[in-house]
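Written out below as structure tokens is the structure these notes cover.
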Number of protein chains: 2
Amino acid sequence: MKIDAVDFFYLSMPVVTDEGDGSQDALLVRVAAAGRVGWGECEASPLVSIAAFVCPMSHGACRPVADSVLGQSFASPADIARIAALVGQRSMDLLQAPHTWSGIEIALWDLLGKVRGEPVWKLLGYQRAHRKLPYASQLFGDTPQETLLRARRARADRFVAVKFGWGPIGTADLRADVDQFTAAREGLGPDGILLVDVGQIFGDNVEAAAARLPALERAGARWLEEPFQTAALGAYSALAARSSKLKLAGGEGAHNAHMAEHLIDYGRVGYIQIDCGRIGGIGAAKRVADYAVQRGVQFVNHTFTSQLALSASLQPYAGLQSHEICEYPYAPKPLAREVTHGLERDADGLISLPDSPGLGVSVDTAAARKFLVDVEIKVGGRSLFRSSDQF
Amino acid sequence: MKIDAVDFFYLSMPVVTDEGDGSQDALLVRVAAAGRVGWGECEASPLVSIAAFVCPMSHGACRPVADSVLGQSFASPADIARIAALVGQRSMDLLQAPHTWSGIEIALWDLLGKVRGEPVWKLLGYQRAHRKLPYASQLFGDTPQETLLRARRARADRFVAVKFGWGPIGTADLRADVDQFTAAREGLGPDGILLVDVGQIFGDNVEAAAARLPALERAGARWLEEPFQTAALGAYSALAARSSKLKLAGGEGAHNAHMAEHLIDYGRVGYIQIDCGRIGGIGAAKRVADYAVQRGVQFVNHTFTSQLALSASLQPYAGLQSHEICEYPYAPKPLAREVTHGLERDADGLISLPDSPGLGVSVDTAAARKFLVDVEIKVGGRSLFRSSDQF
């Protein structure tokens with residue numbers, strides 16, 4: 001079949017705030033081929049990702065993503081990999097390209113699965129999709145008391161594992177952070193799994209991050225996520241050498257498989273966290289999952305948006321039984337809750353990927369229409385992009 | 001002073017082809033503060049880079065670059081670094097942000113130099129700007145004969161060093177490439193400095209690149225540039241271990257200083273090539289230059305566009321006398337030739353950075369107007385960007 005059309009739908013909450021909540025907008029991608037459609041999602045700035053699809057060519061290695069996608073024939077996972085390589089080569093100097101391509105790539109897998117009547121994880125070579133233990137992923141409260149209450153609420157809501165992220169950590173003094181970690185553990189109880197995400201707040205300052213290690217270990221945190229910028233491999237490995245029980249986690253910023261592999265090899269993370277909506281899609285993420293197995297590192301999805309993104313990000317490690325934990329957006333905005341459905345926790349509180357073809361997630365186009373943002377891009381008097389409400 | 005305005009001017013040749021010639025369009029940036037202006041240039045897709053400046057916020061770590069720049073006060077190099085860190089933090093998840101920021105950062109240095117009455121290299125701490133030996137940077141011919149003629153022409157035009165890049169290399173068989181390398185040497189004569197750039201054509205295929213090593217060493221090439229994708233550090237180091245006289249070069253794709261440092265430490269390149277219009281500007285490039293000195297690696301600019309970009313990219317290593325070679329766009333398109341002026345070769349065929357304040361390069365706004373591309377970006381019925389011809 002031939003890729004006939006790629007359509008982008010920019011959705012947004014009416015008001016977007018500066019909190020670290022990635023579910024406030026979304027860029028859905030629909031790919032059409034042979035009379036059928038597949039859906040994907042870029043975990044990226046919608047406007048900029050659309051611009052990278054339609055922009056005028058700057059030169060042979062800075063072409064719009066559209067040039068490598070539209071009209072391509074595809075019938076197998078190998079074709080998706082071939083198109084990925086084409087995008088990499090022709091859009092080498094277009095920095096945003098991997099974010100744009102990620103959503104398209106996901107939609108291609110969804111479409112291929114639907115055509116073949118198989119779930120994506122089967123197309124990836126897995127015999128079955130093992131259930132995952134979801135951790136409730138949420139932000140730290142503004143105060144330790146608020147964090148404590150959030151931890152209790154998640155436990156009451158049957159979450160065994162909880163991750164707190166961002167918020168005030170690293171913005172005041174050490175003592176304030178210690179109080180937050182302590183409150184999180186108190187709220188979770190002694191048997192809860194505590195994960196901590198500090199959102200790159202320490203840049204590449206190893207000492208600032210290391211000062212938090214004793215309190216994190218006392219609180220029994222299983223991992224410390226993103227103490228540094230994704231590229232600060234030296235800082236990661238220096239901190240890894242100074243922590244004993246606590247492992248480092250990171251990787252959501254990786255926009256190609258190499259970057260994730262470097263975090264494993266040079267940064268010495270114990271958990272590699274991959275967002276399919278950024279790394280170049282499901283194929284690139286599967287490569288990282290294979291590598292993680294080889295290196296004895298745990299693969300974890302990164303997802304803070306919709307259930308479509310969640311399904312895509314779980315596929316690459318669906319068959320890895322011992323890589324059992326998964327991120328689960330605990331309190332996403334209505335946009336993310338209403339537009340896609342399909343992945344609820346089962347009676348045991350676990351997440352199963354659907355057996356249905358493709359990603360197994362339906363897009364509620366009537367709901368999506370409510371959040372649709374109108375976009376128009378004109379260059380040289382020519383309209384390069386005009387948003388459509390034709391779902 | 002306070003940053004009052006940042007204006008983008010998208011310039012383009014009337015026709016842009018898919019050859020690997022980066023001088024076919026340009027994104028000029030003008031920053032205004034305290035009644036003065038500075039000029040910079042992004043080496044990036046103009047439309048996508050503009051979109052990254054004006055896009056709506058997606059969440060606290062995916063904000064438009066404008067949010068971290070407009071209204072900021074600045075009076076010193078430390079302030080430029082502070083704003084750079086702010087962009088890094090607030091636009092962490094906006095992949096295109098470093099390309100947009102690079103042009104702004106360059107303009108801030110230009111402006112600061114003008115205000116202080118000093119060239120940028122002096123603001124960077126150098127006592128003098130040493131002359132550089134420019135290499136004529138051009139593409140391989142479609143045939144070995146054409147490459148030979150191009151080599152002769154460059155020598156006749158007083159270039160001692162010549163780089164050939166891209167074109168047909170890696171697209172046919174080994175023999176075709178060997179013929180190209182041989183022709184380049186023949187055209188240059190035995191005493192010319194030959195540099196070869198293969199534009200990432202081998203992806204991460206070490207064997208394919210290694211097969212070219214004997215011919216490159218026979219032709220006496222000084223470096224092999226970009227055999228692989230910027231992030232393929234393992235492939236770089238594997239190839240470095242297999243070459244004796246020939247050194248590897250790379251780094252133009254680095255969009256932060258860490259990436260360049262990794263190419264040095266893990267990729268084992270002998271030449272680190274930095275484009276100020278991509279890596280985050282002059283400050284990030286200077287950090288890499290310092291690192292290169294520490295590690296015994298040669299720093300080289302990457303420039304394939306205007307003289308404004310050339311001046312910016314030479315500043316970070318202006319004071320490093322033993323890092324003497326520099327890239328010089330040999331046959332840029334009229335756009336790049338006409339819009340900026342200031343850096344011609346002297347009687348010895350060498351390039352000197354100007355002593356005049358800032359970057360020492362003037363922008364010919366009348367010429368720029370001829371190449372101006374009209375852009376309009378509307379989101380949610382609101383015009384976020386409308387190009388202006390008010391230079």
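In the structure tokens, chains take letters A, B, ... by order of appearance, with residues numbered from 1 within each chain and ligands from 1 in the order shown.
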Counting only C-alpha atoms, which residues from chain A have an atom at most 7 Å from any atom of chain B, and could you show them as a PyMOL selection string? chain A and resi 16-22+24-25+44-45+47-48+51-52+55+57-62+93-96+231-232+258-259+373-381
Picked from segment 56-231 of chain A by DSSP as alpha helix (DSSP H), as a ChimeraX atom specification: /A:66-69,77-90,97-116,120-123,144-156,174-188,206-210,213-218
Between B:Ala183, B:Ala136, B:Ile106, B:Ala129, single out the one closest to Leu148 of chain B, counting only C-alpha atoms.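 Smallest distance to Leu148 of chain B is found for B:Ala183.
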Report as a compact mmCIF listing (two decimals) with all heavy atoms, in the first residue's frame all protein, DNA and RNA residues lying within 10 Å of segment 236-249 of chain B, evaluated on only C-alpha atoms, omitting residues in the same chain fewer than 3 positions from it.
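That gives us selection_7.txt:
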```txt
# COMPACT_ATOMS: atom_id res chain seq x y z
N LEU B 195 40.77 17.39 2.34
CA LEU B 195 39.82 17.02 3.39
C LEU B 195 38.60 16.41 2.71
O LEU B 195 38.19 16.89 1.65
CB LEU B 195 39.41 18.26 4.19
CG LEU B 195 40.59 19.14 4.64
CD1 LEU B 195 40.11 20.52 5.08
CD2 LEU B 195 41.37 18.46 5.75
N VAL B 196 38.05 15.37 3.32
CA VAL B 196 36.92 14.68 2.68
C VAL B 196 35.74 14.57 3.66
O VAL B 196 35.91 14.19 4.82
CB VAL B 196 37.35 13.26 2.22
CG1 VAL B 196 36.13 12.46 1.75
CG2 VAL B 196 38.37 13.37 1.09
N ASP B 197 34.57 14.91 3.16
CA ASP B 197 33.34 14.95 3.96
C ASP B 197 32.30 14.06 3.27
O ASP B 197 31.92 14.33 2.13
CB ASP B 197 32.84 16.40 4.00
CG ASP B 197 31.49 16.56 4.68
OD1 ASP B 197 30.99 15.58 5.24
OD2 ASP B 197 30.97 17.68 4.66
N ASP B 204 25.47 4.05 10.47
CA ASP B 204 26.39 3.59 11.50
C ASP B 204 27.08 2.29 11.04
O ASP B 204 27.49 1.46 11.87
CB ASP B 204 25.69 3.41 12.86
CG ASP B 204 24.52 2.43 12.79
OD1 ASP B 204 24.26 1.86 11.72
OD2 ASP B 204 23.88 2.24 13.85
N ASN B 205 27.25 2.18 9.74
CA ASN B 205 27.86 0.99 9.14
C ASN B 205 29.39 1.15 9.08
O ASN B 205 29.95 1.77 8.15
CB ASN B 205 27.28 0.81 7.72
CG ASN B 205 27.79 -0.45 7.05
OD1 ASN B 205 28.82 -1.00 7.43
ND2 ASN B 205 27.07 -0.89 6.03
N VAL B 206 30.06 0.61 10.07
CA VAL B 206 31.51 0.79 10.21
C VAL B 206 32.26 0.14 9.05
O VAL B 206 33.22 0.72 8.51
CB VAL B 206 32.01 0.20 11.56
CG1 VAL B 206 33.53 0.30 11.67
CG2 VAL B 206 31.34 0.92 12.73
N GLU B 207 31.81 -1.04 8.62
CA GLU B 207 32.54 -1.74 7.55
C GLU B 207 32.53 -0.94 6.24
O GLU B 207 33.54 -0.86 5.55
CB GLU B 207 31.94 -3.14 7.31
CG GLU B 207 32.16 -4.10 8.47
CD GLU B 207 33.62 -4.17 8.92
OE1 GLU B 207 34.52 -4.19 8.06
OE2 GLU B 207 33.86 -4.19 10.15
N ALA B 209 32.32 2.24 5.85
CA ALA B 209 33.24 3.38 5.95
C ALA B 209 34.69 2.90 5.95
O ALA B 209 35.56 3.48 5.29
CB ALA B 209 32.95 4.17 7.23
N ALA B 210 34.95 1.81 6.67
CA ALA B 210 36.33 1.30 6.78
C ALA B 210 36.88 0.88 5.41
O ALA B 210 38.08 1.00 5.16
CB ALA B 210 36.38 0.13 7.76
N LEU B 213 38.91 3.57 3.83
CA LEU B 213 40.10 4.09 4.52
C LEU B 213 41.39 3.96 3.70
O LEU B 213 42.15 4.94 3.59
CB LEU B 213 40.28 3.42 5.89
CG LEU B 213 39.28 3.83 6.98
CD1 LEU B 213 39.58 3.07 8.27
CD2 LEU B 213 39.31 5.33 7.22
N PRO B 214 41.69 2.77 3.12
CA PRO B 214 42.96 2.66 2.40
C PRO B 214 43.08 3.71 1.27
O PRO B 214 44.13 4.34 1.13
CB PRO B 214 42.92 1.23 1.83
CG PRO B 214 42.00 0.49 2.75
CD PRO B 214 40.97 1.49 3.17
N LEU B 216 41.54 6.57 1.03
CA LEU B 216 41.66 7.92 1.61
C LEU B 216 43.08 8.16 2.11
O LEU B 216 43.63 9.25 1.96
CB LEU B 216 40.66 8.09 2.76
CG LEU B 216 39.20 8.26 2.32
CD1 LEU B 216 38.25 8.05 3.50
CD2 LEU B 216 38.99 9.66 1.73
N GLU B 217 43.69 7.13 2.69
CA GLU B 217 45.07 7.29 3.19
C GLU B 217 46.04 7.40 2.01
O GLU B 217 46.98 8.19 2.06
CB GLU B 217 45.43 6.16 4.16
CG GLU B 217 44.48 6.17 5.37
CD GLU B 217 45.10 5.63 6.67
OE1 GLU B 217 46.03 4.82 6.60
OE2 GLU B 217 44.62 6.04 7.75
N ARG B 218 45.80 6.61 0.97
CA ARG B 218 46.65 6.74 -0.23
C ARG B 218 46.55 8.13 -0.84
O ARG B 218 47.54 8.69 -1.30
CB ARG B 218 46.24 5.70 -1.29
CG ARG B 218 46.88 4.33 -1.14
CD ARG B 218 46.80 3.51 -2.44
NE ARG B 218 45.46 3.46 -3.02
CZ ARG B 218 44.51 2.58 -2.64
NH1 ARG B 218 44.76 1.68 -1.68
NH2 ARG B 218 43.32 2.59 -3.22
N GLY B 220 46.11 10.70 0.76
CA GLY B 220 46.67 11.65 1.72
C GLY B 220 45.64 12.61 2.29
O GLY B 220 45.96 13.76 2.59
N ALA B 221 44.41 12.15 2.44
CA ALA B 221 43.40 13.00 3.06
C ALA B 221 43.78 13.23 4.52
O ALA B 221 44.26 12.32 5.20
CB ALA B 221 42.03 12.35 2.96
N ARG B 222 43.58 14.45 4.99
CA ARG B 222 43.92 14.74 6.39
C ARG B 222 42.81 14.28 7.33
O ARG B 222 43.06 13.86 8.44
CB ARG B 222 44.18 16.24 6.56
CG ARG B 222 44.64 16.57 7.97
CD ARG B 222 45.02 18.01 8.13
NE ARG B 222 46.28 18.33 7.45
CZ ARG B 222 46.93 19.49 7.62
NH1 ARG B 222 46.43 20.41 8.45
NH2 ARG B 222 48.04 19.72 6.99
N TRP B 223 41.56 14.43 6.90
CA TRP B 223 40.47 13.91 7.73
C TRP B 223 39.36 13.33 6.88
O TRP B 223 39.21 13.67 5.71
CB TRP B 223 39.95 14.97 8.69
CG TRP B 223 39.03 16.05 8.17
CD1 TRP B 223 37.93 15.90 7.38
CD2 TRP B 223 39.09 17.46 8.46
NE1 TRP B 223 37.31 17.11 7.16
CE2 TRP B 223 38.01 18.09 7.81
CE3 TRP B 223 39.96 18.24 9.24
CZ2 TRP B 223 37.78 19.46 7.90
CZ3 TRP B 223 39.72 19.60 9.32
CH2 TRP B 223 38.65 20.21 8.65
N LEU B 224 38.60 12.45 7.52
CA LEU B 224 37.35 11.94 6.97
C LEU B 224 36.24 12.49 7.85
O LEU B 224 36.18 12.20 9.05
CB LEU B 224 37.32 10.41 6.97
CG LEU B 224 35.96 9.79 6.61
CD1 LEU B 224 35.53 10.15 5.19
CD2 LEU B 224 36.00 8.27 6.78
N GLU B 225 35.39 13.28 7.24
CA GLU B 225 34.37 13.99 8.01
C GLU B 225 33.02 13.30 7.93
O GLU B 225 32.60 12.87 6.84
CB GLU B 225 34.26 15.41 7.45
CG GLU B 225 33.18 16.26 8.09
CD GLU B 225 33.24 17.71 7.59
OE1 GLU B 225 34.30 18.14 7.08
OE2 GLU B 225 32.21 18.40 7.68
N GLU B 226 32.37 13.20 9.07
CA GLU B 226 31.00 12.67 9.16
C GLU B 226 30.76 11.38 8.39
O GLU B 226 29.86 11.32 7.55
CB GLU B 226 30.00 13.74 8.74
CG GLU B 226 29.89 14.87 9.74
CD GLU B 226 28.47 15.33 9.97
OE1 GLU B 226 27.78 15.67 9.01
OE2 GLU B 226 28.04 15.33 11.14
N PRO B 227 31.54 10.33 8.68
CA PRO B 227 31.19 9.05 8.09
C PRO B 227 29.83 8.58 8.58
O PRO B 227 29.12 7.86 7.88
CB PRO B 227 32.30 8.12 8.58
CG PRO B 227 32.89 8.79 9.78
CD PRO B 227 32.72 10.26 9.55
N PHE B 228 29.46 8.99 9.80
CA PHE B 228 28.25 8.47 10.46
C PHE B 228 27.38 9.61 10.99
O PHE B 228 27.81 10.75 11.08
CB PHE B 228 28.65 7.55 11.63
CG PHE B 228 29.68 6.52 11.26
CD1 PHE B 228 30.92 6.52 11.85
CD2 PHE B 228 29.39 5.56 10.29
CE1 PHE B 228 31.89 5.58 11.51
CE2 PHE B 228 30.35 4.61 9.94
CZ PHE B 228 31.60 4.62 10.55
N GLN B 229 26.17 9.22 11.41
CA GLN B 229 25.29 10.15 12.12
C GLN B 229 26.01 10.69 13.37
O GLN B 229 26.78 9.97 13.99
CB GLN B 229 24.02 9.42 12.59
CG GLN B 229 23.16 8.87 11.48
CD GLN B 229 22.36 7.65 11.91
OE1 GLN B 229 22.30 7.32 13.09
NE2 GLN B 229 21.78 6.97 10.94
N THR B 230 25.69 11.93 13.71
CA THR B 230 26.34 12.57 14.86
C THR B 230 26.27 11.71 16.12
O THR B 230 27.23 11.65 16.89
CB THR B 230 25.67 13.93 15.16
OG1 THR B 230 25.69 14.71 13.96
CG2 THR B 230 26.40 14.66 16.28
N ALA B 231 25.17 11.02 16.32
CA ALA B 231 24.97 10.29 17.57
C ALA B 231 25.58 8.89 17.56
O ALA B 231 25.59 8.21 18.59
CB ALA B 231 23.47 10.18 17.88
N ALA B 232 26.13 8.46 16.43
CA ALA B 232 26.65 7.08 16.34
C ALA B 232 28.07 6.99 16.92
O ALA B 232 29.03 6.65 16.22
CB ALA B 232 26.61 6.60 14.90
N LEU B 233 28.18 7.27 18.21
CA LEU B 233 29.49 7.37 18.85
C LEU B 233 30.27 6.06 18.77
O LEU B 233 31.50 6.07 18.59
CB LEU B 233 29.32 7.78 20.32
CG LEU B 233 28.61 9.12 20.54
CD1 LEU B 233 28.43 9.39 22.03
CD2 LEU B 233 29.40 10.27 19.90
N GLU B 252 29.19 18.90 13.44
CA GLU B 252 28.32 19.99 12.98
C GLU B 252 26.87 19.79 13.41
O GLU B 252 26.11 20.74 13.50
CB GLU B 252 28.39 20.13 11.46
CG GLU B 252 27.82 18.94 10.70
CD GLU B 252 27.86 19.13 9.18
OE1 GLU B 252 28.90 18.81 8.58
OE2 GLU B 252 26.88 19.59 8.63
N LEU B 263 31.55 13.35 21.27
CA LEU B 263 32.25 12.96 20.04
C LEU B 263 33.75 12.91 20.28
O LEU B 263 34.46 12.08 19.71
CB LEU B 263 31.93 13.96 18.92
CG LEU B 263 30.77 13.55 18.02
CD1 LEU B 263 30.32 14.72 17.15
CD2 LEU B 263 31.13 12.35 17.12
N ILE B 264 34.24 13.81 21.11
CA ILE B 264 35.67 13.80 21.45
C ILE B 264 36.01 12.60 22.33
O ILE B 264 36.90 11.82 22.03
CB ILE B 264 36.06 15.13 22.15
CG1 ILE B 264 35.92 16.31 21.18
CG2 ILE B 264 37.47 15.04 22.74
CD1 ILE B 264 36.09 17.68 21.81
N ASP B 265 35.26 12.45 23.42
CA ASP B 265 35.62 11.43 24.42
C ASP B 265 35.26 10.02 23.99
O ASP B 265 36.03 9.09 24.18
CB ASP B 265 34.92 11.73 25.75
CG ASP B 265 35.50 12.95 26.43
OD1 ASP B 265 36.63 13.35 26.08
OD2 ASP B 265 34.83 13.52 27.32
N TYR B 266 34.05 9.85 23.47
CA TYR B 266 33.58 8.50 23.14
C TYR B 266 33.75 8.19 21.65
O TYR B 266 33.95 7.05 21.28
CB TYR B 266 32.11 8.33 23.54
CG TYR B 266 31.82 8.68 24.99
CD1 TYR B 266 30.82 9.59 25.32
CD2 TYR B 266 32.55 8.10 26.03
CE1 TYR B 266 30.54 9.91 26.64
CE2 TYR B 266 32.29 8.43 27.35
CZ TYR B 266 31.28 9.33 27.65
OH TYR B 266 31.01 9.65 28.95
N GLY B 267 33.62 9.23 20.81
CA GLY B 267 33.72 9.01 19.36
C GLY B 267 35.15 9.10 18.84
O GLY B 267 35.42 8.70 17.72
N ARG B 268 36.05 9.66 19.65
CA ARG B 268 37.48 9.74 19.33
C ARG B 268 37.77 10.47 18.02
O ARG B 268 38.69 10.08 17.28
CB ARG B 268 38.11 8.34 19.36
CG ARG B 268 37.99 7.69 20.75
CD ARG B 268 38.68 6.35 20.82
NE ARG B 268 40.04 6.39 20.35
CZ ARG B 268 40.69 5.37 19.81
NH1 ARG B 268 40.08 4.20 19.68
NH2 ARG B 268 41.93 5.49 19.39
N VAL B 269 37.01 11.55 17.75
CA VAL B 269 37.34 12.36 16.58
C VAL B 269 38.62 13.14 16.86
O VAL B 269 38.95 13.44 18.02
CB VAL B 269 36.21 13.35 16.20
CG1 VAL B 269 34.93 12.61 15.84
CG2 VAL B 269 35.97 14.37 17.31
N GLY B 270 39.36 13.47 15.80
CA GLY B 270 40.57 14.29 15.94
C GLY B 270 40.30 15.75 15.68
O GLY B 270 41.08 16.62 16.06
N TYR B 271 39.19 16.02 14.98
CA TYR B 271 38.77 17.39 14.68
C TYR B 271 37.32 17.53 15.10
O TYR B 271 36.48 16.73 14.68
CB TYR B 271 38.89 17.69 13.18
CG TYR B 271 40.31 17.69 12.67
CD1 TYR B 271 40.94 16.52 12.25
CD2 TYR B 271 41.04 18.88 12.62
CE1 TYR B 271 42.25 16.52 11.80
CE2 TYR B 271 42.35 18.90 12.15
CZ TYR B 271 42.95 17.71 11.75
OH TYR B 271 44.25 17.72 11.29
N ILE B 272 37.04 18.53 15.92
CA ILE B 272 35.65 18.75 16.33
C ILE B 272 35.14 20.00 15.63
O ILE B 272 35.71 21.08 15.76
CB ILE B 272 35.52 18.82 17.87
CG1 ILE B 272 34.05 18.87 18.28
CG2 ILE B 272 36.30 19.98 18.49
CD1 ILE B 272 33.35 17.54 18.19
N GLN B 273 34.09 19.81 14.85
CA GLN B 273 33.60 20.87 13.96
C GLN B 273 32.28 21.42 14.48
O GLN B 273 31.29 20.71 14.54
CB GLN B 273 33.37 20.27 12.58
CG GLN B 273 34.62 19.63 12.02
CD GLN B 273 34.33 18.84 10.76
OE1 GLN B 273 33.61 17.87 10.79
NE2 GLN B 273 34.89 19.28 9.66
N GLN B 298 41.70 19.15 17.68
CA GLN B 298 41.62 20.41 16.94
C GLN B 298 40.17 20.87 16.82
O GLN B 298 39.30 20.10 16.43
CB GLN B 298 42.20 20.22 15.54
CG GLN B 298 43.71 20.01 15.52
CD GLN B 298 44.47 21.32 15.51
OE1 GLN B 298 44.17 22.22 14.74
NE2 GLN B 298 45.47 21.43 16.38
N PHE B 299 39.97 22.14 17.10
CA PHE B 299 38.66 22.76 16.91
C PHE B 299 38.61 23.36 15.51
O PHE B 299 39.58 23.98 15.06
CB PHE B 299 38.45 23.87 17.95
CG PHE B 299 37.08 24.51 17.91
CD1 PHE B 299 36.10 24.13 18.82
CD2 PHE B 299 36.76 25.50 16.99
CE1 PHE B 299 34.83 24.71 18.80
CE2 PHE B 299 35.50 26.10 16.96
CZ PHE B 299 34.54 25.70 17.87
N VAL B 300 37.50 23.18 14.81
CA VAL B 300 37.30 23.77 13.48
C VAL B 300 35.87 24.28 13.41
O VAL B 300 34.96 23.64 13.95
CB VAL B 300 37.51 22.74 12.35
CG1 VAL B 300 37.53 23.43 10.99
CG2 VAL B 300 38.77 21.93 12.55
```
Compile the contact shell of segment 110-115 of chain B as a PyMOL selection string: residues with an atom at most 6 Å away, counting only C-alpha atoms, same-chain residues fewer than 5 positions apart removed. chain B and resi 37-38+120+357-359
At a cut-off of 8 Å, using only C-alpha atoms, what residues contact Leu108 of chain A? Leave out same-chain residues fewer than 4 positions from it and give the result as a PDB file with N, CA, C and O atoms, in the first residue's frame.
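Output below, filename selection33.pdb:
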```
ATOM      1  N   VAL A  31      -2.662   8.645   9.575  1.00  0.00           N
ATOM      2  CA  VAL A  31      -2.065   8.258   8.298  1.00  0.00           C
ATOM      3  C   VAL A  31      -3.075   7.414   7.536  1.00  0.00           C
ATOM      4  O   VAL A  31      -3.686   6.506   8.107  1.00  0.00           O
ATOM      5  N   GLY A  38      -4.463   4.805  10.332  1.00  0.00           N
ATOM      6  CA  GLY A  38      -3.813   4.498  11.592  1.00  0.00           C
ATOM      7  C   GLY A  38      -3.611   5.803  12.358  1.00  0.00           C
ATOM      8  O   GLY A  38      -3.524   6.874  11.748  1.00  0.00           O
ATOM      9  N   TRP A  39      -3.548   5.692  13.689  1.00  0.00           N
ATOM     10  CA  TRP A  39      -3.393   6.888  14.524  1.00  0.00           C
ATOM     11  C   TRP A  39      -2.088   6.851  15.312  1.00  0.00           C
ATOM     12  O   TRP A  39      -1.684   5.806  15.818  1.00  0.00           O
ATOM     13  N   GLY A  40      -1.484   8.019  15.436  1.00  0.00           N
ATOM     14  CA  GLY A  40      -0.298   8.163  16.269  1.00  0.00           C
ATOM     15  C   GLY A  40      -0.331   9.490  16.993  1.00  0.00           C
ATOM     16  O   GLY A  40      -1.264  10.277  16.817  1.00  0.00           O
ATOM     17  N   ILE A  80       8.729   0.328   7.339  1.00  0.00           N
ATOM     18  CA  ILE A  80       8.694   1.448   8.295  1.00  0.00           C
ATOM     19  C   ILE A  80      10.131   1.853   8.643  1.00  0.00           C
ATOM     20  O   ILE A  80      10.456   3.044   8.683  1.00  0.00           O
ATOM     21  N   ILE A 104       4.075   9.947  13.245  1.00  0.00           N
ATOM     22  CA  ILE A 104       3.758   9.293  11.965  1.00  0.00           C
ATOM     23  C   ILE A 104       4.117   7.809  12.042  1.00  0.00           C
ATOM     24  O   ILE A 104       3.358   6.939  11.613  1.00  0.00           O
ATOM     25  N   LEU A 112      -0.591  -0.764  10.001  1.00  0.00           N
ATOM     26  CA  LEU A 112      -0.096  -2.074   9.568  1.00  0.00           C
ATOM     27  C   LEU A 112      -0.747  -3.193  10.385  1.00  0.00           C
ATOM     28  O   LEU A 112      -1.132  -4.245   9.856  1.00  0.00           O
TER      29      LEU A 112
END
```
I'd like the contact shell of Ser137 of chain B - 9 Å cut-off, only C-alpha atoms, skipping same-chain residues fewer than 5 positions apart - returned as a list in words. Ala161, Val162, Lys163, Phe164, Gly165, Leu195, Thr303, Phe304, Glu327, Tyr328, Pro329, Tyr330 and Ala331 of chain B
Give the strand (DSSP E) residues of segment 93-232 of chain B, as assigned by DSSP on the backbone, as an NGL selection string. :B and (133-139 or 161-165 or 193-197 or 221-225)
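With atom CA of Ile274 of chain B on one side and atom CA of Ser313 of chain B on the other, the separation reads 7.4 Å.
When atom CA of Gly277 of chain A is paired with atom CA of Ala81 of chain A, their separation reads 15.7 Å.
Of note, atom CA of Val87 of chain B and atom CA of Gly281 of chain B are spaced 12.3 Å apart.
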